[in-house]
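Here is the file work22.txt (compact mmCIF, C-alpha atoms and all ligand atoms).
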# COMPACT_ATOMS: atom_id res chain seq x y z
CA MET A 1 23.43 8.51 -28.96
CA LEU A 2 23.21 4.82 -28.08
CA SER A 3 25.27 2.44 -30.12
CA LEU A 4 26.66 -1.04 -29.86
CA GLU A 5 30.19 0.32 -30.52
CA GLN A 6 30.26 1.90 -27.04
CA GLU A 7 29.67 -1.47 -25.41
CA VAL A 8 32.16 -3.01 -22.97
CA GLY A 9 33.18 -6.66 -23.49
CA ALA A 10 30.77 -8.74 -25.54
CA TRP A 11 27.20 -7.41 -25.55
CA ASP A 12 26.05 -10.84 -26.71
CA SER A 13 27.72 -13.78 -24.97
CA VAL A 14 27.46 -15.94 -28.09
CA LEU A 15 30.19 -13.67 -29.54
CA LEU A 16 32.65 -14.89 -26.89
CA GLU A 17 35.44 -17.07 -28.18
CA PRO A 18 35.67 -19.59 -26.61
CA LEU A 19 32.28 -19.55 -24.85
CA THR A 20 32.87 -21.26 -21.51
CA GLU A 21 31.44 -20.71 -18.05
CA ASP A 22 34.59 -18.75 -17.11
CA THR A 23 34.54 -16.44 -20.14
CA PHE A 24 30.79 -15.97 -19.71
CA ILE A 25 31.08 -14.93 -16.03
CA GLY A 26 34.21 -12.86 -16.76
CA ASN A 27 32.33 -10.97 -19.46
CA LEU A 28 29.38 -10.28 -17.14
CA GLN A 29 31.81 -9.03 -14.49
CA GLN A 30 33.69 -6.78 -16.91
CA ARG A 31 30.42 -5.24 -18.10
CA PHE A 32 28.94 -4.98 -14.62
CA LYS A 33 31.94 -2.94 -13.39
CA ARG A 34 31.01 -0.30 -15.98
CA ASP A 35 27.30 -0.43 -15.05
CA HIS A 36 26.37 -2.48 -18.11
CA ILE A 37 24.03 -4.75 -16.22
CA TYR A 38 22.37 -6.27 -19.27
CA THR A 39 23.98 -8.81 -21.62
CA TYR A 40 22.39 -11.03 -24.24
CA ILE A 41 22.94 -14.69 -24.71
CA GLY A 42 21.20 -15.13 -28.03
CA ASN A 43 17.69 -13.84 -27.55
CA VAL A 44 17.77 -14.30 -23.78
CA LEU A 45 18.65 -11.27 -21.65
CA VAL A 46 20.87 -11.76 -18.60
CA SER A 47 20.47 -9.04 -15.98
CA VAL A 48 22.83 -8.54 -13.02
CA ASN A 49 21.26 -6.68 -10.10
CA PRO A 50 23.20 -3.41 -9.51
CA TYR A 51 21.49 -2.76 -6.14
CA LYS A 52 21.74 0.96 -6.93
CA LYS A 53 19.81 3.38 -9.10
CA LEU A 54 21.27 3.66 -12.59
CA ALA A 55 20.27 6.11 -15.31
CA LEU A 56 19.03 3.27 -17.49
CA TYR A 57 15.32 3.97 -17.53
CA SER A 58 13.51 6.96 -19.01
CA THR A 59 10.69 7.88 -21.35
CA ASP A 60 13.23 8.90 -24.02
CA LEU A 61 14.92 5.51 -23.86
CA VAL A 62 11.56 3.75 -24.09
CA GLU A 63 10.89 5.71 -27.29
CA THR A 64 14.31 4.80 -28.68
CA TYR A 65 13.86 1.09 -27.98
CA VAL A 66 10.31 0.92 -29.24
CA LYS A 67 11.39 2.26 -32.64
CA ARG A 68 14.41 0.02 -33.16
CA GLY A 69 14.59 -3.75 -33.38
CA PRO A 70 16.55 -5.91 -30.92
CA PHE A 71 20.30 -6.22 -31.46
CA GLN A 72 20.49 -2.71 -33.01
CA LEU A 73 20.88 -1.09 -29.60
CA PRO A 74 22.72 -2.12 -26.40
CA PRO A 75 21.10 -4.98 -24.49
CA HIS A 76 18.23 -3.75 -22.35
CA ILE A 77 15.05 -5.01 -20.75
CA TYR A 78 13.27 -2.39 -22.91
CA ALA A 79 14.50 -4.26 -25.99
CA ILE A 80 12.85 -7.47 -24.73
CA ALA A 81 9.60 -5.67 -23.90
CA GLY A 82 9.77 -3.80 -27.24
CA SER A 83 10.25 -6.99 -29.27
CA ALA A 84 7.35 -8.69 -27.52
CA TYR A 85 5.15 -5.65 -28.12
CA ARG A 86 6.17 -5.39 -31.78
CA TRP A 87 5.62 -9.10 -32.45
CA LEU A 88 2.25 -8.90 -30.75
CA ASN A 89 1.15 -5.97 -32.92
CA ASP A 90 2.84 -6.81 -36.22
CA ARG A 91 2.38 -10.59 -36.26
CA ASN A 92 -0.63 -10.86 -34.00
CA GLU A 93 1.12 -13.57 -31.99
CA ASP A 94 0.74 -14.08 -28.24
CA GLN A 95 3.89 -13.16 -26.36
CA CYS A 96 5.26 -14.33 -23.02
CA ILE A 97 8.16 -12.83 -21.07
CA ILE A 98 9.55 -15.22 -18.47
CA VAL A 99 11.58 -13.64 -15.67
CA THR A 100 13.56 -16.06 -13.56
CA GLY A 101 16.36 -15.96 -11.01
CA GLU A 102 17.13 -16.48 -7.34
CA SER A 103 15.61 -14.39 -4.59
CA GLY A 104 16.86 -10.80 -4.87
CA ALA A 105 18.01 -11.23 -8.49
CA GLY A 106 15.71 -8.43 -9.66
CA LYS A 107 12.68 -10.28 -11.09
CA THR A 108 10.04 -8.06 -9.48
CA GLU A 109 11.91 -4.95 -10.63
CA ALA A 110 12.26 -6.37 -14.16
CA ALA A 111 8.53 -7.17 -14.33
CA ARG A 112 7.75 -3.67 -13.09
CA ILE A 113 9.99 -2.12 -15.78
CA VAL A 114 8.27 -4.20 -18.49
CA LEU A 115 4.86 -3.05 -17.23
CA GLN A 116 6.04 0.59 -17.17
CA PHE A 117 7.29 0.16 -20.75
CA LEU A 118 3.90 -1.17 -21.89
CA VAL A 119 2.13 1.65 -20.07
CA LEU A 120 4.30 4.24 -21.85
CA VAL A 121 4.04 2.82 -25.36
CA SER A 122 0.31 2.13 -25.44
CA GLY A 123 -2.49 4.62 -26.06
CA ASP A 124 -4.02 7.08 -23.66
CA ILE A 125 -7.75 7.20 -24.30
CA SER A 126 -9.55 7.21 -20.97
CA GLU A 127 -10.49 3.49 -20.87
CA VAL A 128 -6.94 2.47 -21.70
CA LYS A 129 -5.54 4.87 -19.10
CA LEU A 130 -7.89 3.35 -16.54
CA MET A 131 -6.83 -0.19 -17.40
CA LYS A 132 -3.14 0.76 -17.24
CA ASP A 133 -3.70 2.38 -13.87
CA ARG A 134 -5.42 -0.74 -12.61
CA LEU A 135 -2.61 -3.01 -13.81
CA VAL A 136 -0.06 -0.86 -11.97
CA GLN A 137 -2.20 -0.65 -8.81
CA ALA A 138 -2.79 -4.41 -8.82
CA ASN A 139 0.97 -4.77 -8.56
CA THR A 140 1.09 -2.40 -5.57
CA LEU A 141 -1.53 -4.49 -3.79
CA LEU A 142 0.17 -7.77 -4.52
CA GLU A 143 3.42 -6.44 -3.10
CA ALA A 144 1.74 -5.27 0.12
CA PHE A 145 0.04 -8.63 0.73
CA GLY A 146 2.44 -11.08 -0.93
CA ASN A 147 5.89 -9.58 -0.29
CA ALA A 148 8.01 -9.47 2.82
CA ARG A 149 11.48 -8.45 3.90
CA THR A 150 13.91 -11.35 4.05
CA MET A 151 17.64 -11.55 4.76
CA LYS A 152 18.23 -11.39 1.01
CA ASN A 153 15.71 -8.84 -0.14
CA ASP A 154 13.74 -6.01 1.48
CA ASN A 155 10.84 -6.63 -0.87
CA ALA A 156 10.89 -10.36 -1.57
CA SER A 157 7.85 -11.80 -3.36
CA ARG A 158 6.71 -14.80 -1.40
CA PHE A 159 4.45 -16.16 -4.13
CA GLY A 160 4.64 -17.03 -7.82
CA LYS A 161 2.70 -14.89 -10.24
CA PHE A 162 1.69 -14.95 -13.89
CA LEU A 163 0.13 -11.79 -15.29
CA ASP A 164 -1.77 -12.18 -18.54
CA ILE A 165 -2.50 -8.87 -20.33
CA GLU A 166 -4.86 -8.77 -23.29
CA PHE A 167 -4.29 -6.07 -25.93
CA ASP A 168 -6.70 -4.75 -28.55
CA TYR A 169 -5.88 -4.43 -32.26
CA LYS A 170 -4.27 -1.01 -31.61
CA GLY A 171 -1.87 -2.45 -29.04
CA ASP A 172 -3.67 -1.03 -26.01
CA PRO A 173 -4.14 -3.15 -22.87
CA VAL A 174 -7.83 -3.87 -22.35
CA SER A 175 -7.86 -6.57 -19.70
CA GLY A 176 -5.68 -8.56 -17.38
CA HIS A 177 -5.71 -11.79 -15.44
CA LEU A 178 -3.52 -12.89 -12.56
CA THR A 179 -2.68 -16.46 -11.71
CA HIS A 180 -0.78 -17.00 -8.49
CA SER A 181 0.63 -19.63 -6.26
CA PRO A 182 -0.50 -18.89 -2.70
CA PRO A 183 2.01 -16.94 -0.59
CA PHE A 184 4.21 -19.08 1.65
CA GLN A 185 1.71 -19.15 4.47
CA ALA A 186 4.13 -20.47 7.07
CA ARG A 187 5.59 -16.94 7.25
CA VAL A 188 2.34 -15.69 8.83
CA THR A 189 3.16 -17.48 12.09
CA SER A 190 6.87 -18.35 11.95
CA LEU A 191 9.62 -16.01 10.88
CA SER A 192 13.24 -16.88 10.22
CA PRO A 193 15.70 -14.64 12.11
CA GLY A 194 15.96 -11.24 10.44
CA ASP A 195 12.88 -11.74 8.26
CA ARG A 196 9.67 -9.79 8.52
CA ASN A 197 6.10 -10.88 8.08
CA PHE A 198 4.10 -9.70 5.03
CA HIS A 199 4.38 -5.91 4.55
CA ILE A 200 0.68 -5.24 5.11
CA PHE A 201 0.87 -6.04 8.84
CA TYR A 202 3.46 -3.30 9.45
CA GLN A 203 1.83 -0.91 7.00
CA LEU A 204 -1.48 -1.16 8.83
CA LEU A 205 0.05 -0.65 12.29
CA SER A 206 2.12 2.33 11.13
CA GLY A 207 -0.28 3.95 8.69
CA ALA A 208 -3.81 3.48 10.05
CA ASP A 209 -5.23 6.56 11.77
CA ILE A 210 -6.31 6.42 15.41
CA HIS A 211 -9.94 5.91 14.48
CA LEU A 212 -9.22 2.91 12.25
CA LEU A 213 -6.87 1.38 14.84
CA LYS A 214 -9.60 1.74 17.46
CA CYS A 215 -12.20 0.11 15.21
CA LEU A 216 -9.78 -2.75 14.59
CA LYS A 217 -8.91 -2.98 18.29
CA LEU A 218 -5.23 -2.71 17.49
CA GLN A 219 -2.28 -1.05 19.20
CA ARG A 220 0.22 0.93 17.14
CA ASN A 221 3.08 -1.19 18.41
CA VAL A 222 4.79 -3.90 16.38
CA GLU A 223 6.35 -5.33 19.58
CA HIS A 224 2.88 -6.14 20.92
CA TYR A 225 2.18 -8.76 18.24
CA THR A 226 3.77 -12.18 18.56
CA ILE A 227 3.62 -12.99 14.85
CA LEU A 228 5.68 -9.87 14.06
CA GLN A 229 8.57 -10.68 16.38
CA THR A 230 11.84 -10.82 14.52
CA ASN A 231 15.51 -10.14 14.89
CA ARG A 232 15.62 -6.38 15.34
CA ASN A 233 19.38 -6.14 14.66
CA GLN A 234 18.77 -6.42 10.96
CA PRO A 235 18.20 -3.32 8.84
CA THR A 236 14.50 -2.80 8.46
CA LEU A 237 12.05 -0.64 6.63
CA THR A 238 11.37 2.24 8.97
CA ASP A 239 7.94 3.01 10.35
CA ASP A 240 7.91 6.06 8.09
CA GLU A 241 8.31 3.92 5.00
CA ASP A 242 5.58 1.55 6.19
CA LYS A 243 3.38 4.56 6.87
CA LYS A 244 4.00 5.93 3.37
CA LEU A 245 3.41 2.54 1.78
CA PHE A 246 0.12 2.15 3.67
CA VAL A 247 -1.12 5.28 1.87
CA TYR A 248 -0.17 3.69 -1.48
CA THR A 249 -1.81 0.39 -0.56
CA LYS A 250 -5.02 2.09 0.55
CA SER A 251 -5.16 4.27 -2.54
CA ALA A 252 -4.46 1.19 -4.74
CA LEU A 253 -7.54 -0.44 -3.17
CA GLU A 254 -9.58 2.67 -3.87
CA ILE A 255 -8.34 3.11 -7.46
CA LEU A 256 -9.06 -0.56 -8.15
CA GLY A 257 -12.63 0.06 -7.06
CA PHE A 258 -12.80 -1.81 -3.73
CA ASN A 259 -15.63 -0.23 -1.78
CA VAL A 260 -15.33 1.06 1.79
CA GLU A 261 -16.86 -2.12 3.26
CA ASP A 262 -14.40 -4.30 1.34
CA ILE A 263 -11.47 -2.21 2.55
CA VAL A 264 -12.61 -2.37 6.17
CA ASP A 265 -13.17 -6.14 5.85
CA ILE A 266 -9.64 -6.61 4.50
CA PHE A 267 -8.10 -4.69 7.39
CA GLN A 268 -10.31 -6.56 9.83
CA VAL A 269 -8.93 -9.89 8.65
CA ILE A 270 -5.39 -8.52 9.09
CA ALA A 271 -6.30 -7.35 12.63
CA ILE A 272 -7.87 -10.73 13.46
CA VAL A 273 -4.73 -12.58 12.34
CA LEU A 274 -2.54 -10.25 14.43
CA LYS A 275 -4.71 -10.71 17.52
CA LEU A 276 -5.22 -14.46 17.07
CA GLY A 277 -1.44 -14.84 17.00
CA ASN A 278 -1.34 -13.35 20.52
CA LEU A 279 -3.63 -15.98 22.07
CA GLN A 280 -1.85 -17.93 24.80
CA PHE A 281 -2.81 -21.41 25.95
CA VAL A 282 -2.09 -22.79 29.42
CA PRO A 283 -2.27 -26.52 30.23
CA CYS A 284 -4.95 -27.77 32.62
CA ASN A 285 -6.00 -31.21 33.85
CA ASN A 286 -9.49 -32.48 33.20
CA ILE A 287 -11.47 -34.38 35.88
CA ASP A 288 -10.90 -37.64 33.96
CA GLY A 289 -7.12 -37.10 34.15
CA THR A 290 -6.67 -36.12 30.49
CA GLU A 291 -4.78 -32.99 29.51
CA GLY A 292 -6.63 -29.95 28.24
CA CYS A 293 -5.88 -26.26 27.99
CA ALA A 294 -7.39 -22.84 28.60
CA ILE A 295 -6.86 -19.47 26.96
CA SER A 296 -4.98 -17.24 29.41
CA ASN A 297 -5.70 -13.91 27.68
CA GLU A 298 -9.42 -14.26 27.09
CA TYR A 299 -9.91 -10.51 26.54
CA GLU A 300 -8.10 -10.95 23.18
CA LEU A 301 -10.51 -13.76 22.30
CA PHE A 302 -13.52 -11.54 23.07
CA GLU A 303 -12.14 -8.80 20.83
CA ILE A 304 -11.37 -11.28 18.03
CA CYS A 305 -14.92 -12.60 18.23
CA GLU A 306 -16.30 -9.07 18.02
CA LEU A 307 -14.25 -8.46 14.86
CA LEU A 308 -15.13 -11.86 13.42
CA GLY A 309 -18.79 -11.59 14.30
CA ALA A 310 -18.44 -15.05 15.84
CA GLU A 311 -19.67 -16.40 19.15
CA HIS A 312 -17.02 -16.52 21.85
CA ARG A 313 -17.94 -20.07 22.96
CA TRP A 314 -17.75 -21.31 19.39
CA LEU A 315 -14.24 -20.00 18.71
CA GLN A 316 -12.96 -21.08 22.10
CA ARG A 317 -14.19 -24.62 21.44
CA ALA A 318 -12.75 -24.62 17.92
CA LEU A 319 -9.33 -23.64 19.25
CA THR A 320 -9.12 -25.89 22.31
CA SER A 321 -10.80 -29.12 21.19
CA ARG A 322 -11.26 -31.26 18.13
CA GLN A 323 -14.02 -33.56 16.97
CA ILE A 324 -13.08 -37.25 16.99
CA GLU A 325 -16.49 -38.63 16.04
CA ASP A 326 -19.80 -37.12 15.17
CA GLY A 327 -20.61 -34.88 18.14
CA ILE A 328 -17.76 -36.20 20.32
CA LEU A 329 -15.04 -33.72 21.20
CA THR A 330 -11.67 -34.25 22.75
CA ASP A 331 -9.55 -31.54 24.39
CA LEU A 332 -6.34 -30.35 22.80
CA SER A 333 -3.15 -29.90 24.81
CA ALA A 334 -1.75 -26.35 25.03
CA TYR A 335 0.79 -27.28 22.34
CA GLU A 336 -1.88 -28.71 20.02
CA ALA A 337 -4.10 -25.66 20.56
CA SER A 338 -1.23 -23.33 19.63
CA LYS A 339 -0.83 -25.31 16.39
CA ALA A 340 -4.58 -24.98 15.73
CA ARG A 341 -4.29 -21.20 16.35
CA ASP A 342 -1.38 -20.95 13.88
CA ASN A 343 -3.29 -22.95 11.27
CA LEU A 344 -6.27 -20.65 11.63
CA CYS A 345 -4.03 -17.55 11.21
CA ARG A 346 -2.45 -19.01 8.08
CA THR A 347 -5.73 -20.15 6.57
CA LEU A 348 -7.36 -16.77 7.16
CA TYR A 349 -4.43 -14.96 5.54
CA SER A 350 -4.24 -17.33 2.61
CA ARG A 351 -7.99 -17.04 1.94
CA LEU A 352 -7.75 -13.27 2.13
CA PHE A 353 -4.95 -13.35 -0.46
CA THR A 354 -6.94 -15.61 -2.81
CA TRP A 355 -10.04 -13.43 -2.36
CA LEU A 356 -7.97 -10.34 -3.22
CA ILE A 357 -6.64 -11.95 -6.41
CA ASN A 358 -10.16 -12.99 -7.43
CA LYS A 359 -11.41 -9.44 -6.85
CA ILE A 360 -8.50 -7.99 -8.81
CA ASN A 361 -9.26 -10.38 -11.68
CA GLU A 362 -12.89 -9.28 -11.72
CA ILE A 363 -11.72 -5.66 -11.88
CA LEU A 364 -9.18 -6.35 -14.63
CA LYS A 365 -11.70 -8.23 -16.78
CA VAL A 366 -12.32 -6.60 -20.14
CA ARG A 367 -14.79 -3.75 -19.61
CA PHE A 368 -15.29 -2.52 -23.16
CA ASN A 369 -15.41 -4.14 -26.58
CA ILE A 370 -12.07 -4.52 -28.29
CA GLY A 371 -13.15 -4.76 -31.93
CA PRO A 372 -12.04 -1.89 -34.22
CA LYS A 373 -15.54 -0.47 -34.51
CA ASN A 374 -15.96 -0.31 -30.79
CA VAL A 375 -12.78 1.50 -29.85
CA LYS A 376 -13.39 5.23 -29.55
N1 LIG B 401 17.49 -2.96 -12.35
C1 LIG B 401 17.66 -2.63 -11.08
N2 LIG B 401 18.23 -1.43 -10.77
C2 LIG B 401 18.42 -1.06 -9.49
N3 LIG B 401 18.10 -1.83 -8.43
C3 LIG B 401 17.53 -3.02 -8.66
C4 LIG B 401 17.29 -3.50 -9.99
N4 LIG B 401 16.72 -4.71 -9.91
C5 LIG B 401 16.61 -4.96 -8.61
N5 LIG B 401 17.09 -3.97 -7.84
C6 LIG B 401 17.15 -3.89 -6.37
O1 LIG B 401 17.25 -5.18 -5.84
C7 LIG B 401 16.19 -5.44 -4.92
C8 LIG B 401 15.71 -6.88 -5.14
O2 LIG B 401 15.10 -6.96 -6.41
P1 LIG B 401 13.71 -7.73 -6.64
O3 LIG B 401 12.80 -7.49 -5.50
O4 LIG B 401 13.25 -7.37 -8.00
O5 LIG B 401 14.22 -9.24 -6.59
P2 LIG B 401 13.40 -10.58 -6.89
O6 LIG B 401 14.21 -11.38 -7.84
O7 LIG B 401 12.01 -10.23 -7.31
O8 LIG B 401 13.41 -11.23 -5.47
P3 LIG B 401 12.34 -12.25 -4.81
O9 LIG B 401 12.38 -13.51 -5.60
O10 LIG B 401 12.90 -12.40 -3.43
O11 LIG B 401 11.03 -11.54 -4.85
C9 LIG B 401 15.11 -4.40 -5.23
O12 LIG B 401 14.42 -4.00 -4.09
C10 LIG B 401 15.93 -3.24 -5.77
O13 LIG B 401 16.34 -2.45 -4.69

Here is the file; what I need is its structure written in the form of structure tokens.
Amino acid sequence: MLSLEQEVGAWDSVLLEPLTEDTFIGNLQQRFKRDHIYTYIGNVLVSVNPYKKLALYSTDLVETYVKRGPFQLPPHIYAIAGSAYRWLNDRNEDQCIIVTGESGAGKTEAARIVLQFLVLVSGDISEVKLMKDRLVQANTLLEAFGNARTMKNDNASRFGKFLDIEFDYKGDPVSGHLTHSPPFQARVTSLSPGDRNFHIFYQLLSGADIHLLKCLKLQRNVEHYTILQTNRNQPTLTDDEDKKLFVYTKSALEILGFNVEDIVDIFQVIAIVLKLGNLQFVPCNNIDGTEGCAISNEYELFEICELLGAEHRWLQRALTSRQIEDGILTDLSAYEASKARDNLCRTLYSRLFTWLINKINEILKVRFNIGPKNVK
């Protein structure tokens, strides 16, 4: 039986006397040592990341928290989600849960727990089930394309996200809308030591079957791709995990209703970015004495053009020269061309991410009427 009497220290920091930074931190520490990771400060919940699995989340607990108001039970993220859900249903007021903290603080996990809570407490007629499934799968996709391993966090979100869920009069989710800030594109072509690129690159190389790899003209070897080079001494997700996650990502695409052509197109863009990143430029001198450059591994360029459906001459010119006036081109140095290559990689990835979000939003748009008469 859960009760506030069993709590360690002060379950609400406003009860601390005196309330100073030291007593506040001391209280969090005292509670954390006994696995009480949640503490209130008024109606704000402070969560300390335990970095280990705790028996704090279950269907039974969801049921307990959904029935009781906040401050009647120990502090919990379920209490925050439950209050928002109750206020939404009982008072018909829009609710917003803001999750904030430094990288690795547990924001993604907290948002996932809130979503799981909403999935468990809402109805289960088939349309609602479908919408709930889509909301969960949208999250899986966003993590594959927008998250990466960093020194601080194996699954760090590299973009800001706001998920808007619309509920019907019965409290069932009927539509969703995602707003995002683009992922930090610089990561696509430059990694800090110990960091990885976005998960999807590794997932694709580990999880794609031979046939898909062949179609994408890829090698199943992370070491082969310049943009994936990182400090290998750091702990990393194993190939097996990437392989497993690729299955989840692919099935998320399917459940969300992306068709086969869309899925192949998405993986093609990933393959193009990987292969573009491998292009090497060597300096050369033009007849007029100016510096230019040539692509030393042209076979990669041919394969990229095949995947892009672009003409080889066109892409070569785009990467090694720039237009200074209408119709007048000037050659780029090898250094400038490598910058142009990196820009193209980043732009392609960023546009793919925006396209994915737009597609997800189309899929999450309300599909059935939400008025009382129209809900089966
Ligand atoms: N409540 C929790 N219980 C157990 N482990 C947790 C909890 N919250 C977070 N973690 C662990 O900490 C890791 C980092 O958490 P999370 O990815 O949610 O951080 P974040 O704040 O979203 O970071 P970023 O801003 O870098 O995306 C998770 O992969 C998970 O292993």

- Between A:Thr108, A:Gln29, A:Thr347, A:Thr249, which is the closest to ligand LIG 401 (chain B) once you count only C-alpha atoms and all ligand atoms? A:Thr108

- Item | Nearby residues (only C-alpha atoms) at most 8 Å from Tyr40 in chain A, same-chain spacing under 5 positions excluded, as number ranges by chain | A: 11-13, 45-46, 75

- Within 12 Å of ligand LIG 401 (chain B), counting all atoms listed in the file, which protein or nucleic acid residues do you find, written as a PyMOL selection string? chain A and resi 32+35-38+46-57+76-78+99-114+142-143+146-161+183+195+237

Next, write the just-selected residues to a file, as a PDB file, in the frame of the given file, keeping C-alpha atoms as the atom set.
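Output below, filename out.pdb:
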ATOM      1  CA  PHE A  32      28.940  -4.980 -14.620  1.00  0.00           C
ATOM      2  CA  ASP A  35      27.300  -0.430 -15.050  1.00  0.00           C
ATOM      3  CA  HIS A  36      26.370  -2.480 -18.110  1.00  0.00           C
ATOM      4  CA  ILE A  37      24.030  -4.750 -16.220  1.00  0.00           C
ATOM      5  CA  TYR A  38      22.370  -6.270 -19.270  1.00  0.00           C
ATOM      6  CA  VAL A  46      20.870 -11.760 -18.600  1.00  0.00           C
ATOM      7  CA  SER A  47      20.470  -9.040 -15.980  1.00  0.00           C
ATOM      8  CA  VAL A  48      22.830  -8.540 -13.020  1.00  0.00           C
ATOM      9  CA  ASN A  49      21.260  -6.680 -10.100  1.00  0.00           C
ATOM     10  CA  PRO A  50      23.200  -3.410  -9.510  1.00  0.00           C
ATOM     11  CA  TYR A  51      21.490  -2.760  -6.140  1.00  0.00           C
ATOM     12  CA  LYS A  52      21.740   0.960  -6.930  1.00  0.00           C
ATOM     13  CA  LYS A  53      19.810   3.380  -9.100  1.00  0.00           C
ATOM     14  CA  LEU A  54      21.270   3.660 -12.590  1.00  0.00           C
ATOM     15  CA  ALA A  55      20.270   6.110 -15.310  1.00  0.00           C
ATOM     16  CA  LEU A  56      19.030   3.270 -17.490  1.00  0.00           C
ATOM     17  CA  TYR A  57      15.320   3.970 -17.530  1.00  0.00           C
ATOM     18  CA  HIS A  76      18.230  -3.750 -22.350  1.00  0.00           C
ATOM     19  CA  ILE A  77      15.050  -5.010 -20.750  1.00  0.00           C
ATOM     20  CA  TYR A  78      13.270  -2.390 -22.910  1.00  0.00           C
ATOM     21  CA  VAL A  99      11.580 -13.640 -15.670  1.00  0.00           C
ATOM     22  CA  THR A 100      13.560 -16.060 -13.560  1.00  0.00           C
ATOM     23  CA  GLY A 101      16.360 -15.960 -11.010  1.00  0.00           C
ATOM     24  CA  GLU A 102      17.130 -16.480  -7.340  1.00  0.00           C
ATOM     25  CA  SER A 103      15.610 -14.390  -4.590  1.00  0.00           C
ATOM     26  CA  GLY A 104      16.860 -10.800  -4.870  1.00  0.00           C
ATOM     27  CA  ALA A 105      18.010 -11.230  -8.490  1.00  0.00           C
ATOM     28  CA  GLY A 106      15.710  -8.430  -9.660  1.00  0.00           C
ATOM     29  CA  LYS A 107      12.680 -10.280 -11.090  1.00  0.00           C
ATOM     30  CA  THR A 108      10.040  -8.060  -9.480  1.00  0.00           C
ATOM     31  CA  GLU A 109      11.910  -4.950 -10.630  1.00  0.00           C
ATOM     32  CA  ALA A 110      12.260  -6.370 -14.160  1.00  0.00           C
ATOM     33  CA  ALA A 111       8.530  -7.170 -14.330  1.00  0.00           C
ATOM     34  CA  ARG A 112       7.750  -3.670 -13.090  1.00  0.00           C
ATOM     35  CA  ILE A 113       9.990  -2.120 -15.780  1.00  0.00           C
ATOM     36  CA  VAL A 114       8.270  -4.200 -18.490  1.00  0.00           C
ATOM     37  CA  LEU A 142       0.170  -7.770  -4.520  1.00  0.00           C
ATOM     38  CA  GLU A 143       3.420  -6.440  -3.100  1.00  0.00           C
ATOM     39  CA  GLY A 146       2.440 -11.080  -0.930  1.00  0.00           C
ATOM     40  CA  ASN A 147       5.890  -9.580  -0.290  1.00  0.00           C
ATOM     41  CA  ALA A 148       8.010  -9.470   2.820  1.00  0.00           C
ATOM     42  CA  ARG A 149      11.480  -8.450   3.900  1.00  0.00           C
ATOM     43  CA  THR A 150      13.910 -11.350   4.050  1.00  0.00           C
ATOM     44  CA  MET A 151      17.640 -11.550   4.760  1.00  0.00           C
ATOM     45  CA  LYS A 152      18.230 -11.390   1.010  1.00  0.00           C
ATOM     46  CA  ASN A 153      15.710  -8.840  -0.140  1.00  0.00           C
ATOM     47  CA  ASP A 154      13.740  -6.010   1.480  1.00  0.00           C
ATOM     48  CA  ASN A 155      10.840  -6.630  -0.870  1.00  0.00           C
ATOM     49  CA  ALA A 156      10.890 -10.360  -1.570  1.00  0.00           C
ATOM     50  CA  SER A 157       7.850 -11.800  -3.360  1.00  0.00           C
ATOM     51  CA  ARG A 158       6.710 -14.800  -1.400  1.00  0.00           C
ATOM     52  CA  PHE A 159       4.450 -16.160  -4.130  1.00  0.00           C
ATOM     53  CA  GLY A 160       4.640 -17.030  -7.820  1.00  0.00           C
ATOM     54  CA  LYS A 161       2.700 -14.890 -10.240  1.00  0.00           C
ATOM     55  CA  PRO A 183       2.010 -16.940  -0.590  1.00  0.00           C
ATOM     56  CA  ASP A 195      12.880 -11.740   8.260  1.00  0.00           C
ATOM     57  CA  LEU A 237      12.050  -0.640   6.630  1.00  0.00           C
TER      58      LEU A 237
END

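CA of Ile357 in chain A is positioned 7.0 Å from CA of Leu178 in chain A.
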
- Message: Show me, as a ChimeraX atom specification, the residues that have an atom within 8 Å of range 278-294 of chain A when counting all atoms listed in the file, minus same-chain residues fewer than 3 positions from it.
- Response: /A:225-227,274-275,297-298,300-301,320,331-335,337-338,341

- Which residue, A:Arg34, A:His177, A:Lys129, A:Lys170, has the smallest gap to Tyr85 in chain A when you use all atoms listed in the file? A:Lys170

- Give me the residues within 8 Å of range 65-67 of chain A as a ChimeraX atom specification, counting only C-alpha atoms and dropping any in the same chain fewer than 4 places off. /A:61,73,78-79,82-83,86,121

- Task: Do a neighbour search on Val222 in chain A at 9 Å with only C-alpha atoms, toss out local chain neighbours closer than 6 positions, and write the hits as a list in words.
- Result: Phe201, Tyr202, Leu205, Ser206, Leu228 and Gln229 of chain A

- Note on the structure: Here CA of Thr20 in chain A and CA of Asn43 in chain A stand apart by 17.9 Å

- List the neighbours of range 187-190 of chain A out to 8 Å using all atoms listed in the file; skip same-chain residues closer than 6 positions along the sequence, and give me the result as a VMD selection string. chain A and resid 197 to 198 227 277 342 345 to 346 349

Could you save the residues just selected, with C-alpha atoms, as a short mmCIF file (atom, residue, chain, number, x, y, z; two decimals), keeping the file's coordinate frame?
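As a result, part_0.cif now contains:
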data_model
loop_
_atom_site.label_atom_id
_atom_site.label_comp_id
_atom_site.auth_asym_id
_atom_site.auth_seq_id
_atom_site.Cartn_x
_atom_site.Cartn_y
_atom_site.Cartn_z
CA ASN A 197 6.10 -10.88 8.08
CA PHE A 198 4.10 -9.70 5.03
CA ILE A 227 3.62 -12.99 14.85
CA GLY A 277 -1.44 -14.84 17.00
CA ASP A 342 -1.38 -20.95 13.88
CA CYS A 345 -4.03 -17.55 11.21
CA ARG A 346 -2.45 -19.01 8.08
CA TYR A 349 -4.43 -14.96 5.54
#

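Using all atoms listed in the file for every distance, the candidate list A:Ser122, A:Thr330, A:Thr140, A:Asn259 yields A:Ser122 as the residue closest to Val174 in chain A.
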